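Chemist: This is the structure I want to talk about, given as structure tokens.
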Amino acid sequence: MYALYFILVTIICCVMMSTTVANEMKARIPFYEQMCKGIQAGEMCEKLVGYSAVYKVCFGMACFFFFFCLFTIKINNSKSCRAYIHNGFWFIKLLLLAAMCSGAFFIPDQDTFLNAWRYVGATGGFLFIAIQLILLVEFAHKWNKNWTAGANHKQMWNGLLALVTLVLYSVAVAALVLMALFYTRSEGCMYNKVLIGVNGGLCLFVSLVAISPCVQNRQPHSGLLQSGVISCYVMYLTFSALSSKPPETILDENNQNITICVPEFSQGLHGDENLVTGLGTTILFGCILYSCLTSTTRASSEALRGIYAAPETEVARCCFCCVPDGDADAEEHTEKRGGQTVIYDEKKGTVYSYAYFHFVFFLASLYVMMTVTHWFHYESAQIEKFFTGTWSIFWIKMVSCWVCVFLYLWTLIAPLCCPTRQFSV
């Protein structure tokens with residue numbers, strides 16, 4: 001239900017940033033101008049569209065999730081009064097969310113609010129990206145540790161490890177080669193050449209560090225599978241950043257501007273901008289929603305605090321993110337209601353952290369706000385030009401790429417830098 005609320009507000013934000021929707025409403029809704037004046041939204045409802053409207057709506061959604069984050073702190077039992085409020089009263093919560101989003105339009109001194117809220121949104125958006133990068137590194141380590149535990153009993157897991165590692169590196173190398181072919185040329189494209197070379201070199205560097213003897217002595221579970229996952233993600237971010245870079249133009253022999261440093265076939269892909277934007281926006285926010293839901297489990301919240309399962313308790317399985325049948329403790333209370341098995345595993349607290357759940361959605365609200373409004377190019381932002389290249393988006397993705405490499409590298413060298421501390425990844 002919280003995810004549905006999030007999706008609903010996100011759709012409203014996209015509509016507010018769409019000039020196509022605004023023009024259609026003006027053309028098709030009778031008495032449109034009178035209606036706008038009646039609700040005091042301006043002559044043509046200009047107060048309900050554009051980046052300022054998105055800031056206000058996302059302010060209301062962020063306040064909604066932040067309020068519940070504070071409200072659900074230290075809930076250790078799913079049968080407490082506060083837990084019942086967290087898990088129910090959906091219509092009242094919908095009214096509360098609508099009131100908060102609407103109330104943001106009546107905040108006095110709008111200019112000061114928008115300027116201050118922009119920096120809050122940028123900070124929260126960067127923090128949301130950082131959490132996802134930490135969980136990606138944790139995912140890579142968890143995958144390798146789980147399958148390595150299986151290799152101690154069955155050689156099949158060794159074969160799977162080798163096969164998946166080979167596939168990951170093949171994908172990363174293929175991506176590097178294709179970007180070098182399509183995003184560079186003999187003249188110009190210096191940014192692309194340098195960044196592709198640097199990021200490819202970083203992937204090679206972390207792969208060598210992962211299998212170096214000094215790291216292997218302190219972390220026997222370190223291997224090429226994790227660095228393969230990180231390399232693929234780095235290549236994806238590099239591709240995404242290069243696709244988001246403003247196009248470069250040069251004069252050809254006929255003194256006409258031509259676009260360089262982008263694949264020739266990509267220029268034809270933007271023929272139907274509405275289709276491309278709609279499909280791309282759906283995929284992007286699907287990924288954001290998936291990140292929110294997967295980063296609010298007990299395992300992920302413990303991973304952010306550096307708590308991991310002991311290697312001897314690992315049971316190797318292909319779907320290692322899911323709890324296998326039979327792992328539930330005998331002391332856990334199990335009930336069946338309406339054909340559904342409900343497990344109350346609350347020896348360590350609730351099945352997931354309610355406060356952390358709402359905090360991640362709070363950060364995701366800020367990330368959506370900044371993404372929809374093109375981060376620091378908000379004044380010219382339109383949802384129809386969602387994939388138009390801007391330097392701010394380019395550098396955000398590129399820096400995210402380097403932060404991901406740094407986080408993974410730190411998990412490898414931290415035991416060497418701090419030998420007196422215990423690390424388990």
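Numbering starts fresh at 1 for the residues of each chain in the structure tokens, the chains themselves are lettered A, B, ... in the order given, and ligands are numbered from 1 as they appear.
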When you look at region 99-106 of chain A with a cut-off of 8 Å (counting only C-alpha atoms), what residues show up, excluding the ones that are within fewer than 4 positions of it in the same chain? I need them as a PyMOL selection string.
Modeler: chain A and resi 53+56-61+63-64+95
Chemist: Please run DSSP on the backbone and report, as a PyMOL selection string, all residues within region 91-277 of chain A that come out as helix (DSSP H, G or I).
Modeler: chain A and resi 91-106+110-151+155-182+190-210+213-218+224-244+264-269+273-277
Chemist: When distances are computed from only C-alpha atoms, which of A:Leu225, A:Ala149, A:Val403, A:Val9 shows the smallest separation from Leu161 (chain A)?
Modeler: A:Leu225
Chemist: Which residues come within 9 Å of region 233-237 of chain A, counting only C-alpha atoms, excluding same-chain residues fewer than 5 positions away, as a compact mmCIF listing (two decimals) with N, CA and C atoms, in the first residue's frame?
Modeler:
# COMPACT_ATOMS: atom_id res chain seq x y z
N VAL A 171 30.31 -9.79 -20.41
CA VAL A 171 29.39 -8.67 -20.59
C VAL A 171 30.11 -7.34 -20.38
N ALA A 172 30.95 -7.27 -19.32
CA ALA A 172 31.65 -6.02 -19.03
C ALA A 172 32.62 -5.66 -20.15
N VAL A 173 33.38 -6.64 -20.64
CA VAL A 173 34.35 -6.37 -21.71
C VAL A 173 33.62 -5.99 -23.00
N ALA A 175 30.70 -4.58 -23.26
CA ALA A 175 30.17 -3.22 -23.08
C ALA A 175 31.27 -2.18 -23.27
N LEU A 176 32.46 -2.46 -22.73
CA LEU A 176 33.57 -1.53 -22.88
C LEU A 176 33.96 -1.35 -24.34
N ILE A 196 35.89 6.37 -20.45
CA ILE A 196 35.82 4.95 -20.77
C ILE A 196 37.12 4.26 -20.36
N ASN A 199 37.34 4.20 -16.35
CA ASN A 199 36.44 3.23 -15.72
C ASN A 199 36.82 1.79 -16.07
N GLY A 200 37.27 1.56 -17.29
CA GLY A 200 37.77 0.23 -17.63
C GLY A 200 38.99 -0.13 -16.81
N CYS A 203 37.95 -1.10 -13.24
CA CYS A 203 37.42 -2.47 -13.17
C CYS A 203 38.57 -3.49 -13.14
N GLY A 228 33.25 -9.01 -10.74
CA GLY A 228 32.51 -9.10 -12.00
C GLY A 228 31.19 -8.37 -11.92
N LEU A 242 27.26 8.39 -20.40
CA LEU A 242 27.58 8.86 -21.75
C LEU A 242 26.32 9.16 -22.54
N LYS A 397 25.83 10.50 -12.40
CA LYS A 397 26.00 9.09 -12.73
C LYS A 397 27.47 8.68 -12.71
N MET A 398 28.34 9.54 -13.20
CA MET A 398 29.76 9.20 -13.23
C MET A 398 30.34 9.14 -11.83
N SER A 400 28.64 8.47 -9.14
CA SER A 400 28.06 7.26 -8.55
C SER A 400 28.88 6.03 -8.93
N CYS A 401 29.35 6.01 -10.15
CA CYS A 401 30.19 4.93 -10.64
C CYS A 401 31.47 4.84 -9.81
N TRP A 402 32.13 5.96 -9.58
CA TRP A 402 33.38 5.96 -8.82
C TRP A 402 33.15 5.65 -7.35
N CYS A 404 30.84 3.69 -6.19
CA CYS A 404 30.61 2.24 -6.15
C CYS A 404 31.94 1.48 -6.13
N VAL A 405 32.87 1.89 -6.98
CA VAL A 405 34.19 1.26 -7.01
C VAL A 405 34.91 1.46 -5.68
Chemist: Residues at most 10 Å from Ile75 (chain A), counting only C-alpha atoms, excluding those fewer than 3 positions away in the same chain, as a PyMOL selection string?
Modeler: chain A and resi 71-72+78-83+349-350+353-355
Chemist: In Å, how far is it from CA of Arg118 (chain A) to CA of Phe376 (chain A)?
Modeler: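 Separating CA of Arg118 (chain A) from CA of Phe376 (chain A) is a distance of 8.6 Å.
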Chemist: Do you know which residues are at most 10 Å from Ile396 (chain A) counting only C-alpha atoms, after dropping those on the same chain fewer than 3 positions away, and could you put them as a PyMOL selection string?
Modeler: chain A and resi 126+129+237+241+375+391-393+399-401
Chemist: I'd like the interatomic distance between CA of Cys69 (chain A) and CA of Val351 (chain A), to a tenth of an Å.
Modeler: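 Separating CA of Cys69 (chain A) from CA of Val351 (chain A) is a distance of 16.1 Å.
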Chemist: Kindly indicate which residue among A:Gly188, A:Pro213, A:Leu8, A:Gly201 lies nearest to Ala98 (chain A), using only C-alpha atoms for the distances.
Modeler: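 So, comparing all the options, the nearest one is A:Leu8.
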